[in-house]
Each structure stands twice: as structure tokens, then as C-alpha cells.
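Student: Supplied structure: model.cif, mmCIF, C-alpha atoms.
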data_target
loop_
_atom_site.label_atom_id
_atom_site.label_comp_id
_atom_site.auth_asym_id
_atom_site.auth_seq_id
_atom_site.Cartn_x
_atom_site.Cartn_y
_atom_site.Cartn_z
CA MET A 73 -3.17 40.56 5.58
CA SER A 74 -0.91 42.31 3.05
CA LEU A 75 2.36 40.70 2.01
CA SER A 76 5.24 41.38 -0.34
CA ILE A 77 6.47 38.30 -2.16
CA GLY A 78 9.73 37.75 -4.00
CA ILE A 79 9.94 35.25 -6.87
CA LEU A 80 13.23 33.34 -7.01
CA GLY A 81 13.56 31.83 -10.48
CA ALA A 82 12.31 33.06 -13.84
CA GLY A 83 11.37 29.85 -15.65
CA ASN A 84 8.05 28.12 -16.36
CA ILE A 85 7.08 27.32 -12.78
CA SER A 86 8.02 30.79 -11.53
CA GLN A 87 5.59 32.23 -14.06
CA THR A 88 2.90 30.09 -12.40
CA HIS A 89 4.01 31.24 -8.93
CA LEU A 90 3.82 34.88 -9.99
CA ARG A 91 0.37 34.55 -11.57
CA ALA A 92 -0.97 32.69 -8.55
CA ALA A 93 0.43 35.14 -5.99
CA GLN A 94 -0.54 38.23 -7.97
CA SER A 95 -4.17 37.09 -8.14
CA ILE A 96 -4.54 37.25 -4.34
CA PRO A 97 -5.87 40.54 -2.91
CA GLY A 98 -3.33 42.25 -0.67
CA VAL A 99 -0.32 40.50 -2.19
CA ALA A 100 2.36 42.48 -4.03
CA ILE A 101 5.17 41.03 -6.13
CA ALA A 102 8.18 42.89 -4.80
CA ALA A 103 11.04 41.44 -6.82
CA VAL A 104 12.08 38.68 -9.21
CA CYS A 105 15.51 37.05 -9.36
CA GLY A 106 16.64 35.03 -12.38
CA THR A 107 19.81 33.70 -13.93
CA THR A 108 19.98 36.95 -15.91
CA ARG A 109 18.51 40.33 -15.07
CA GLU A 110 16.81 40.36 -18.48
CA LYS A 111 14.87 37.16 -17.72
CA ALA A 112 13.89 38.48 -14.29
CA ALA A 113 12.75 41.78 -15.80
CA ARG A 114 10.60 40.06 -18.44
CA LEU A 115 8.79 38.09 -15.77
CA GLY A 116 8.51 40.84 -13.19
CA GLU A 117 7.80 43.92 -15.31
CA PRO A 118 4.02 43.39 -15.66
CA ALA A 119 3.80 43.16 -11.85
CA GLY A 120 6.00 46.22 -11.31
CA ALA A 121 8.62 44.06 -9.60
CA ALA A 122 12.29 44.88 -9.27
CA ALA A 123 14.64 42.61 -11.23
CA TYR A 124 17.80 40.95 -9.92
CA ASP A 125 20.36 38.40 -11.05
CA ASP A 126 22.21 38.28 -7.72
CA LEU A 127 20.76 36.25 -4.83
CA GLY A 128 22.24 38.40 -2.07
CA ARG A 129 20.91 41.66 -3.47
CA PHE A 130 17.55 40.06 -4.17
CA LEU A 131 17.20 38.81 -0.59
CA ALA A 132 18.11 42.27 0.71
CA HIS A 133 15.23 43.91 -1.22
CA LYS A 134 12.74 45.79 0.95
CA PRO A 135 9.90 45.34 1.59
CA MET A 136 9.74 41.56 1.19
CA ASP A 137 8.11 39.04 3.53
CA VAL A 138 8.00 35.76 1.61
CA ILE A 139 10.22 34.12 -1.02
CA ALA A 140 8.71 31.66 -3.53
CA ILE A 141 11.47 29.41 -4.89
CA GLY A 142 11.13 27.87 -8.37
CA THR A 143 14.77 27.20 -9.21
CA PRO A 144 16.38 23.79 -9.98
CA SER A 145 15.64 21.26 -7.24
CA GLY A 146 19.27 20.75 -6.26
CA VAL A 147 19.69 24.32 -5.02
CA HIS A 148 16.37 24.68 -3.16
CA ALA A 149 17.63 24.13 0.37
CA GLU A 150 20.77 26.26 -0.08
CA GLN A 151 18.73 29.20 -1.36
CA ALA A 152 15.96 28.70 1.19
CA ILE A 153 18.46 28.68 4.05
CA ALA A 154 19.91 31.96 2.76
CA ALA A 155 16.38 33.41 2.85
CA VAL A 156 15.35 32.13 6.29
CA ASP A 157 18.65 33.35 7.76
CA ARG A 158 17.42 36.84 6.81
CA GLY A 159 14.12 36.23 8.60
CA LEU A 160 12.11 35.61 5.43
CA HIS A 161 9.36 33.02 5.16
CA VAL A 162 9.88 30.60 2.26
CA ILE A 163 7.59 28.55 0.07
CA VAL A 164 9.51 26.20 -2.17
CA GLU A 165 8.62 24.22 -5.27
CA LYS A 166 8.65 20.44 -4.93
CA PRO A 167 10.81 18.64 -3.95
CA VAL A 168 12.05 20.58 -0.93
CA ASP A 169 15.49 19.48 -2.09
CA ILE A 170 16.98 16.28 -3.49
CA THR A 171 18.28 14.73 -0.23
CA SER A 172 16.81 14.33 3.24
CA GLU A 173 20.06 15.64 4.72
CA ARG A 174 19.65 18.98 2.94
CA VAL A 175 15.99 19.17 3.95
CA ASP A 176 16.98 18.59 7.58
CA ALA A 177 19.45 21.47 7.37
CA LEU A 178 16.68 23.74 6.07
CA ILE A 179 14.26 22.64 8.81
CA ALA A 180 16.88 23.37 11.47
CA ALA A 181 17.61 26.81 9.98
CA ALA A 182 13.92 27.71 9.83
CA ASP A 183 13.40 26.60 13.43
CA ARG A 184 16.30 28.78 14.56
CA ALA A 185 14.97 31.77 12.63
CA GLY A 186 11.37 31.29 13.73
CA VAL A 187 10.03 31.43 10.17
CA LYS A 188 7.84 29.11 8.13
CA VAL A 189 8.82 26.94 5.17
CA GLY A 190 6.04 25.62 2.96
CA VAL A 191 6.14 23.32 -0.07
CA PHE A 192 4.13 23.46 -3.30
CA PHE A 193 2.37 20.13 -2.91
CA GLN A 194 -0.81 21.70 -4.25
CA ASP A 195 -2.56 18.36 -4.79
CA ARG A 196 -3.36 18.31 -1.07
CA LEU A 197 -5.67 21.31 -1.55
CA LYS A 198 -7.41 20.14 -4.71
CA PRO A 199 -11.09 19.47 -3.90
CA ASP A 200 -11.35 15.79 -4.86
CA VAL A 201 -7.96 14.87 -3.39
CA ALA A 202 -9.00 16.54 -0.14
CA ARG A 203 -12.32 14.68 -0.32
CA LEU A 204 -10.47 11.37 -0.62
CA LYS A 205 -8.32 12.32 2.38
CA THR A 206 -11.50 12.93 4.38
CA LEU A 207 -12.92 9.54 3.35
CA VAL A 208 -9.74 7.89 4.62
CA GLU A 209 -9.57 9.88 7.87
CA THR A 210 -13.22 9.31 8.78
CA GLY A 211 -12.90 5.57 8.22
CA ALA A 212 -15.42 5.52 5.39
CA LEU A 213 -13.06 3.33 3.35
CA GLY A 214 -12.14 1.16 6.33
CA THR A 215 -8.73 -0.34 7.04
CA PRO A 216 -6.24 0.34 4.23
CA ILE A 217 -5.51 -2.73 2.12
CA LEU A 218 -4.08 -1.80 -1.28
CA VAL A 219 -2.97 1.56 -2.68
CA SER A 220 -1.60 2.39 -6.12
CA GLY A 221 -0.29 5.44 -7.92
CA ARG A 222 0.41 5.65 -11.66
CA VAL A 223 2.19 8.56 -13.27
CA LYS A 224 2.50 7.41 -16.89
CA TRP A 225 3.54 10.67 -18.50
CA HIS A 226 5.48 11.69 -21.55
CA ARG A 227 8.09 14.37 -22.05
CA PRO A 228 9.57 15.14 -25.48
CA PRO A 229 13.36 15.09 -26.00
CA GLU A 230 13.59 18.90 -25.96
CA TYR A 231 12.18 19.01 -22.43
CA PHE A 232 15.54 17.68 -21.32
CA GLY A 233 17.72 18.85 -24.21
CA ASP A 234 16.77 22.52 -23.79
CA SER A 235 17.51 22.50 -20.04
CA ARG A 236 20.84 22.68 -18.23
CA TRP A 237 19.47 20.92 -15.16
CA ARG A 238 16.59 18.57 -15.99
CA GLY A 239 17.56 14.94 -16.11
CA THR A 240 20.75 15.43 -14.06
CA TRP A 241 21.60 13.93 -10.70
CA ALA A 242 23.22 17.12 -9.43
CA LEU A 243 20.31 19.52 -10.02
CA ASP A 244 17.23 17.37 -10.68
CA GLY A 245 18.15 14.74 -8.09
CA GLY A 246 16.55 12.03 -10.20
CA GLY A 247 14.06 11.74 -13.00
CA ALA A 248 10.46 10.60 -13.30
CA LEU A 249 10.29 9.93 -9.56
CA MET A 250 12.02 12.92 -8.00
CA ASN A 251 10.58 15.43 -10.47
CA GLN A 252 7.23 14.34 -11.92
CA GLY A 253 6.21 11.45 -9.67
CA ILE A 254 6.92 13.10 -6.33
CA HIS A 255 3.48 14.75 -6.20
CA THR A 256 1.92 11.28 -6.28
CA VAL A 257 4.43 9.90 -3.78
CA ASP A 258 3.28 12.69 -1.45
CA VAL A 259 -0.40 11.89 -2.05
CA LEU A 260 0.08 8.15 -1.43
CA GLN A 261 1.90 8.61 1.88
CA TRP A 262 -0.48 11.41 2.91
CA LEU A 263 -3.43 9.07 2.38
CA ALA A 264 -2.01 5.75 3.54
CA GLY A 265 0.56 6.80 6.13
CA PRO A 266 4.25 6.01 6.53
CA VAL A 267 6.02 3.67 4.10
CA ALA A 268 8.10 1.25 6.16
CA ARG A 269 9.76 -0.86 3.48
CA LEU A 270 9.91 -1.02 -0.32
CA SER A 271 11.42 -2.76 -3.32
CA ALA A 272 12.00 -0.98 -6.61
CA ARG A 273 13.50 -0.96 -10.09
CA THR A 274 14.38 2.02 -12.25
CA ALA A 275 15.50 2.31 -15.87
CA THR A 276 16.32 4.84 -18.57
CA ARG A 277 14.41 3.47 -21.53
CA LEU A 278 13.70 6.41 -23.84
CA HIS A 279 15.51 9.64 -23.04
CA LYS A 280 19.24 10.40 -23.23
CA ILE A 281 19.54 11.55 -19.62
CA GLU A 282 21.56 10.60 -16.53
CA VAL A 283 18.52 9.61 -14.47
CA GLU A 284 15.53 7.32 -14.75
CA ASP A 285 12.62 7.89 -17.10
CA THR A 286 10.83 4.70 -15.98
CA ALA A 287 10.35 3.36 -12.45
CA ALA A 288 8.24 0.89 -10.50
CA ALA A 289 8.09 0.13 -6.77
CA VAL A 290 6.23 -2.12 -4.36
CA LEU A 291 5.51 -0.32 -1.09
CA GLU A 292 4.87 -1.80 2.34
CA PHE A 293 3.09 0.72 4.57
CA ALA A 294 3.52 0.75 8.35
CA SER A 295 -0.22 -0.02 8.61
CA GLY A 296 0.31 -3.32 6.80
CA ALA A 297 -1.25 -2.09 3.55
CA LEU A 298 0.56 -2.74 0.30
CA GLY A 299 1.10 -0.30 -2.54
CA VAL A 300 2.33 -0.07 -6.11
CA LEU A 301 3.93 3.03 -7.61
CA GLU A 302 4.70 3.58 -11.31
CA ALA A 303 6.34 6.75 -12.61
CA ALA A 304 7.55 7.53 -16.11
CA THR A 305 8.24 10.27 -18.62
CA SER A 306 8.64 7.60 -21.30
CA VAL A 307 4.99 6.65 -21.91
CA TYR A 308 3.63 8.09 -25.15
CA PRO A 309 1.40 10.09 -25.42
CA GLY A 310 1.01 10.48 -21.64
CA TYR A 311 -2.00 9.56 -19.51
CA PRO A 312 -3.72 11.15 -16.50
CA ARG A 313 -2.26 10.43 -13.09
CA ARG A 314 -4.28 7.71 -11.35
CA VAL A 315 -4.51 6.94 -7.63
CA GLU A 316 -6.52 4.00 -6.28
CA PHE A 317 -7.21 3.42 -2.59
CA THR A 318 -8.85 0.18 -1.43
CA GLY A 319 -9.84 -0.33 2.17
CA SER A 320 -11.92 -2.96 3.94
CA GLU A 321 -15.08 -0.91 3.26
CA GLY A 322 -14.58 0.09 -0.36
CA THR A 323 -12.50 1.60 -3.13
CA ALA A 324 -11.95 5.16 -4.36
CA ILE A 325 -10.24 6.11 -7.62
CA LEU A 326 -8.74 9.46 -8.62
CA GLU A 327 -7.94 10.09 -12.25
CA GLY A 328 -6.12 13.32 -12.87
CA ASP A 329 -7.50 15.43 -10.05
CA THR A 330 -11.03 14.02 -10.25
CA LEU A 331 -12.60 11.39 -8.00
CA ILE A 332 -14.08 9.26 -10.78
CA SER A 333 -15.23 6.29 -8.73
CA LEU A 334 -16.30 5.69 -5.14
CA ASP A 335 -17.68 2.26 -4.25
CA LEU A 336 -18.51 1.77 -0.58
CA ARG A 337 -19.67 -1.54 0.87
CA ASN A 338 -22.51 0.00 2.89
CA ALA A 339 -23.50 2.97 0.76
CA PRO A 340 -25.21 3.51 -2.60
CA ALA A 341 -22.81 3.58 -5.54
CA ALA A 342 -21.61 7.12 -6.17
CA GLY A 343 -21.21 6.43 -9.84
CA SER A 344 -18.17 6.75 -12.00
CA GLY A 345 -17.10 8.56 -15.09
CA VAL A 346 -14.09 9.36 -17.17
CA SER A 347 -12.18 12.53 -16.48
CA ALA A 348 -10.47 14.55 -19.16
CA PRO A 349 -6.73 13.97 -19.48
CA THR A 350 -4.73 16.48 -17.49
CA ALA A 351 -2.22 18.64 -19.32
CA ALA A 352 0.55 17.54 -16.95
CA ALA A 353 0.51 14.13 -18.63
CA SER A 354 2.20 15.55 -21.71
CA THR A 355 3.57 19.01 -20.84
CA ALA A 356 5.42 20.70 -18.00
CA VAL A 357 3.64 24.02 -18.50
CA VAL A 358 1.08 24.77 -15.76
CA ALA A 359 -1.67 26.77 -17.45
CA ASP A 360 -4.05 26.77 -14.47
CA SER A 361 -2.50 28.46 -11.44
CA SER A 362 -5.55 28.08 -9.16
CA ALA A 363 -4.07 25.19 -7.14
CA HIS A 364 -0.87 27.16 -6.59
CA ARG A 365 -3.00 30.10 -5.49
CA ARG A 366 -4.60 27.88 -2.84
CA ILE A 367 -1.13 27.00 -1.54
CA PHE A 368 -0.20 30.69 -1.34
CA GLU A 369 -3.48 31.53 0.41
CA ASP A 370 -2.99 28.73 2.94
CA PHE A 371 0.64 29.81 3.51
CA ILE A 372 -0.36 33.42 4.11
CA SER A 373 -3.06 32.24 6.53
CA ALA A 374 -0.49 30.04 8.32
CA ILE A 375 1.79 33.04 8.83
CA ASP A 376 -1.12 35.17 10.08
CA ALA A 377 -2.39 32.47 12.48
CA ASN A 378 1.08 31.18 13.40
CA ARG A 379 0.21 27.61 12.43
CA ALA A 380 1.79 25.02 10.15
CA PRO A 381 0.96 25.36 6.44
CA ALA A 382 -0.85 22.59 4.54
CA CYS A 383 2.52 21.07 3.67
CA ASP A 384 5.59 22.32 5.51
CA ALA A 385 9.20 21.23 5.11
CA ARG A 386 8.80 18.40 7.62
CA GLU A 387 5.89 17.02 5.60
CA GLY A 388 7.74 17.62 2.35
CA ARG A 389 10.71 15.65 3.66
CA LYS A 390 8.66 12.44 3.70
CA SER A 391 8.34 12.12 -0.07
CA VAL A 392 12.06 12.84 -0.52
CA ALA A 393 12.90 10.04 1.93
CA ILE A 394 10.69 7.60 0.02
CA VAL A 395 12.23 8.48 -3.34
CA GLU A 396 15.73 8.18 -1.86
CA ALA A 397 14.80 4.70 -0.62
CA ILE A 398 13.44 3.74 -4.06
CA TYR A 399 16.72 4.77 -5.67
CA ARG A 400 18.69 2.85 -3.05
CA SER A 401 16.59 -0.29 -3.58
CA ALA A 402 17.00 -0.07 -7.36
CA ARG A 403 20.74 0.52 -7.04
CA GLU A 404 21.32 -2.32 -4.57
CA GLY A 405 18.80 -4.74 -6.06
CA ARG A 406 17.09 -5.52 -2.76
CA PRO A 407 14.22 -4.41 -0.51
CA VAL A 408 15.12 -1.56 1.83
CA GLU A 409 13.72 0.12 4.91
CA VAL A 410 12.67 3.78 4.72
CA PRO A 411 14.77 5.34 7.52
CA PHE A 412 13.71 8.26 9.71
CA TYR A 413 10.48 8.51 7.77
CA GLY A 414 8.36 9.58 10.72
CA ARG A 415 10.96 11.98 12.12
CA ARG A 416 9.64 15.44 13.06
#
Please rewrite the model in this file as C-alpha cells.
Tutor:
Amino acid sequence: MSLSIGILGAGNISQTHLRAAQSIPGVAIAAVCGTTREKAARLGEPAGAAAYDDLGRFLAHKPMDVIAIGTPSGVHAEQAIAAVDRGLHVIVEKPVDITSERVDALIAAADRAGVKVGVFFQDRLKPDVARLKTLVETGALGTPILVSGRVKWHRPPEYFGDSRWRGTWALDGGGALMNQGIHTVDVLQWLAGPVARLSARTATRLHKIEVEDTAAAVLEFASGALGVLEAATSVYPGYPRRVEFTGSEGTAILEGDTLISLDLRNAPAAGSGVSAPTAAASTAVVADSSAHRRIFEDFISAIDANRAPACDAREGRKSVAIVEAIYRSAREGRPVEVPFYGRR
């Protein structure tokens, strides 16, 4: 299947989107839209893409089938709705947007237009994360008991200081949770199921930003399992993301993107090792675009087969709802329910 893709945004993540899409046979980069035409041209020129600095003119470009959005989080839904209203499929960088209400508006618009909206939660298609999902689904780990996710990362001051939107409520929607930690929030709920209730604290301990750089939450899953989530951009020098899943039949541990330990009650030990630190622990630059390519390939296949992509907007809404609840719990100083979490 051949497709023409437009890249909305001309920053770091849009460079990753372009590299990933361009590496897929049959995919053409039709156009790039940035805050200035010069930025869009720099990104799009090697791909022979047209350059725009106006959203309306960009969305009117022909031919174009899919828009990949890599702009600030707080404008995702608004821009995606503008695209789906023109009959374009959309794949948006995480989070879908910064509030569940905006995500709901996008879902409704996509349903009306009959187009697909996917989300770059590429962890779901990484081999060892998918393997862990299979272990959970097949019951190999038994009944879920305790789940934890640690995102102890570091970002230097210029990461925020050189950006007009990072670290702001209006465009980032939060800090270490809504931006960096949301991938792990998605993985935890994808593995362990709906979060019913939680209690959390957030703080700004290192960076001069509006939002949190340090957060911790205790999660109560609908299954009865408990969970712990830590997310930070304040931990020097930054450590690999770690996910641990304990069930009645054993424990599995992901470090970075690698399943480093699998101990099952009724199976030989699979062994364990130490994975190399992932670059994401200390930098926002995504050097390896292979996981994003998998998301594009799955999205293209979903369009061709008229099925849901690996993570659509309804799935992507779940992590936003959890982060919103964490912020509410921290703000109000009490445990809170996670409303409408299972809504589809």
C-alpha cells in the first residue's frame, strides 16, 4: 500500500517521525509544516517535501493521506481535529492531548469522519514489552499482585530553558508524568488493566518550571493488584526505565526495553542480566527510529485492513485519564477515583 504522509511539526520528534516514515517502502513524505517555513524546509528538503508554515494550507496539500503530529502536546487535539475534518488519518505523538475532554472531542470527530487516529506509544510494539504482554495475557505470570514503574530520568536546564512550551501547563500539560512518564503509565495499564483508584504526590525539586519534575503514586488496579509509579526529570544522571510485574506465578522485570529477568514458579529460571542504559534516561533526542517505524507500519496496515491500530485514541486516552487523576490527587491531598477510565 502506498501512502503520502505529512509531518506536522519540525522539532526533534518530527525528525524521528520523518526518518521512520521515509524508511518504509511505498511511503512518501508529501509535506512538512513548522512554526516557520525555513524550519519546515530544512526538515523536508532531503525528502523532497513541500514546506509550509500555515496549518490550513498544509492540510490542503495534495496528495496526502496521513498526518503525523509532533507539535506541543497542548495543541494535538485541535490540530488533529482540523486534519480529520478534512478526511485525513492522523497519528499523533504522545500524549494524545493534555486533557481527557480534548481527547474525547478528537475521538468524536474521527468517528464522524470515518478516519483513524493512532498514537505513538511505540513501547507496545517493542519485542520484549510485547513478550511481557503475552506472558500476562496467557496467564504465565498468574493473577496480578504488584506492579511498579520507575522513570528516574534527568533533563538539563536548557531542555526547558530553550523551549517555549516544555514545562508549561498550557502546552506541556504537566511535567515528568505527562511528558516523559506517560509511556510507562501506558505500559502499566496495558499490562495490568484499569486503574480504579490512586494516591499521589508531585513536586518541583530541581528545575525552574511551572510543572512537576518529581512524582510518585500508589495505584489500585481494578483487578485488586497494587502498583507504584515514580517519574522524574530531576534524577542525575538518569537511569533506565524499569517495569516490574509480579503475579501469583512469578515475576518479570523490564529494564529499558529489555526483559532482564523472568522467574516463574513452575518453569526453569530464564536467567537475568543487566541491560545497557537507554539514551532516553538522559536525553530527549530519539536516535533510533525503528520503534516509530513499527508504529507507522502498524498504522498503515490498520488503514489497509480497516482495523484499529496498536494504540488508537481511545487507548491513548487511558494514560491521560490516569495522569489527570494523579495531578488531582496531588493537588487535593487525598486518594481519588479514576473516572471514565474504561469508557470506549
Student: Any chance you could work out the residue set of the PyMOL selection byres ((chain A and resi 386) around 9) here, as a PyMOL selection string?
Tutor: chain A and resi 175-176+179+189+383-385+387-390+415-416
Student: Counting all atoms listed in the file, which of A:Phe192, A:Tyr124, A:Phe232, A:Phe371 gets nearest to Glu110 of chain A?
Tutor: A:Tyr124
Student: Just give me the gap between atom CA of Leu336 of chain A and atom CA of Asp258 of chain A in Å, one decimal is fine.
Tutor: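 A separation of 24.4 Å between them.
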Student: What residues come out when you apply the PyMOL selection byres ((chain A and resi 168) around 9) to this file, written as a list in words?
Tutor: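 So the PyMOL selection byres ((chain A and resi 168) around 9), applied here, picks out Ser145, Gly146, His148, Ala149, Val164, Glu165, Lys166, Pro167, Asp169, Ile170, Thr171, Ser172, Arg174, Val175, Leu178, Gly190, Val191, Phe192, Ala385, Gly388, Arg389 and Val392 of chain A.
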Student: Leu301 of chain A: which residues within 8 Å, counting only C-alpha atoms, same-chain residues fewer than 6 positions away excluded, as a PyMOL selection string?
Tutor: chain A and resi 220-222+257+288-291
Student: Generate the output file for the selected residues, C-alpha atoms, as a PDB file, in the frame of the given file.
Tutor:
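And here's again.pdb as it stands now:
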ATOM      1  CA  SER A 220      -1.600   2.390  -6.120  1.00  0.00           C
ATOM      2  CA  GLY A 221      -0.290   5.440  -7.920  1.00  0.00           C
ATOM      3  CA  ARG A 222       0.410   5.650 -11.660  1.00  0.00           C
ATOM      4  CA  VAL A 257       4.430   9.900  -3.780  1.00  0.00           C
ATOM      5  CA  ALA A 288       8.240   0.890 -10.500  1.00  0.00           C
ATOM      6  CA  ALA A 289       8.090   0.130  -6.770  1.00  0.00           C
ATOM      7  CA  VAL A 290       6.230  -2.120  -4.360  1.00  0.00           C
ATOM      8  CA  LEU A 291       5.510  -0.320  -1.090  1.00  0.00           C
TER       9      LEU A 291
END
Student: Take the PyMOL selection byres ((chain A and resi 294) around 8), run it mentally on this structure, and tell me the resulting residues as number ranges by chain.
Tutor: A: 265-268, 292-293, 295-297
Student: Do you have the atom CA of Trp237 of chain A-atom CA of Pro144 of chain A distance handy?
Tutor: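 Computing the Euclidean distance for atom CA of Trp237 of chain A and atom CA of Pro144 of chain A yields 6.7 Å.
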Student: Of the residues A:Ala119, A:Ile394, A:Ala402, A:Ile217, which is the one nearest to Thr274 of chain A, using all atoms listed in the file?
Tutor: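 Residue with the minimum atom-to-atom distance to Thr274 of chain A: A:Ala402.
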Student: Specify the axis-aligned box that encloses all atoms of segment 119-123 of chain A listed in the file after padding of 4 Å on each side, stating its centre and edge lengths in Å to one decimal as AutoDock Vina command-line options.
Tutor:
--center_x 9.2 --center_y 44.4 --center_z -10.6 --size_x 18.8 --size_y 11.6 --size_z 10.6
Student: Atoms are missing here; could segment 215-228 of chain A be completed with N, CA and C atoms and written as a PDB file, in the frame of the given file?
Tutor:
ATOM      1  N   THR A 215     -10.158  -0.096   6.851  1.00  0.00           N
ATOM      2  CA  THR A 215      -8.730  -0.340   7.040  1.00  0.00           C
ATOM      3  C   THR A 215      -8.026  -0.393   5.691  1.00  0.00           C
ATOM      4  N   PRO A 216      -6.942   0.358   5.525  1.00  0.00           N
ATOM      5  CA  PRO A 216      -6.240   0.340   4.230  1.00  0.00           C
ATOM      6  C   PRO A 216      -5.734  -1.053   3.868  1.00  0.00           C
ATOM      7  N   ILE A 217      -5.946  -1.422   2.599  1.00  0.00           N
ATOM      8  CA  ILE A 217      -5.510  -2.730   2.120  1.00  0.00           C
ATOM      9  C   ILE A 217      -4.509  -2.605   0.972  1.00  0.00           C
ATOM     10  N   LEU A 218      -4.901  -1.879  -0.080  1.00  0.00           N
ATOM     11  CA  LEU A 218      -4.080  -1.800  -1.280  1.00  0.00           C
ATOM     12  C   LEU A 218      -4.177  -0.391  -1.869  1.00  0.00           C
ATOM     13  N   VAL A 219      -3.026   0.206  -2.155  1.00  0.00           N
ATOM     14  CA  VAL A 219      -2.970   1.560  -2.680  1.00  0.00           C
ATOM     15  C   VAL A 219      -2.086   1.555  -3.922  1.00  0.00           C
ATOM     16  N   SER A 220      -2.466   2.316  -4.943  1.00  0.00           N
ATOM     17  CA  SER A 220      -1.600   2.390  -6.120  1.00  0.00           C
ATOM     18  C   SER A 220      -1.570   3.803  -6.672  1.00  0.00           C
ATOM     19  N   GLY A 221      -0.442   4.156  -7.257  1.00  0.00           N
ATOM     20  CA  GLY A 221      -0.290   5.440  -7.920  1.00  0.00           C
ATOM     21  C   GLY A 221       0.406   5.239  -9.251  1.00  0.00           C
ATOM     22  N   ARG A 222      -0.178   5.780 -10.317  1.00  0.00           N
ATOM     23  CA  ARG A 222       0.410   5.650 -11.660  1.00  0.00           C
ATOM     24  C   ARG A 222       0.625   7.034 -12.245  1.00  0.00           C
ATOM     25  N   VAL A 223       1.851   7.298 -12.624  1.00  0.00           N
ATOM     26  CA  VAL A 223       2.190   8.560 -13.270  1.00  0.00           C
ATOM     27  C   VAL A 223       2.837   8.205 -14.608  1.00  0.00           C
ATOM     28  N   LYS A 224       2.015   7.851 -15.575  1.00  0.00           N
ATOM     29  CA  LYS A 224       2.500   7.410 -16.890  1.00  0.00           C
ATOM     30  C   LYS A 224       2.444   8.595 -17.838  1.00  0.00           C
ATOM     31  N   TRP A 225       3.478   9.418 -17.744  1.00  0.00           N
ATOM     32  CA  TRP A 225       3.540  10.670 -18.500  1.00  0.00           C
ATOM     33  C   TRP A 225       4.561  10.588 -19.608  1.00  0.00           C
ATOM     34  N   HIS A 226       4.517  11.602 -20.453  1.00  0.00           N
ATOM     35  CA  HIS A 226       5.480  11.690 -21.550  1.00  0.00           C
ATOM     36  C   HIS A 226       6.101  13.078 -21.589  1.00  0.00           C
ATOM     37  N   ARG A 227       7.395  13.116 -21.814  1.00  0.00           N
ATOM     38  CA  ARG A 227       8.090  14.370 -22.050  1.00  0.00           C
ATOM     39  C   ARG A 227       8.893  14.222 -23.349  1.00  0.00           C
ATOM     40  N   PRO A 228       8.829  15.224 -24.225  1.00  0.00           N
ATOM     41  CA  PRO A 228       9.570  15.140 -25.480  1.00  0.00           C
ATOM     42  C   PRO A 228      11.064  15.337 -25.232  1.00  0.00           C
TER      43      PRO A 228
END
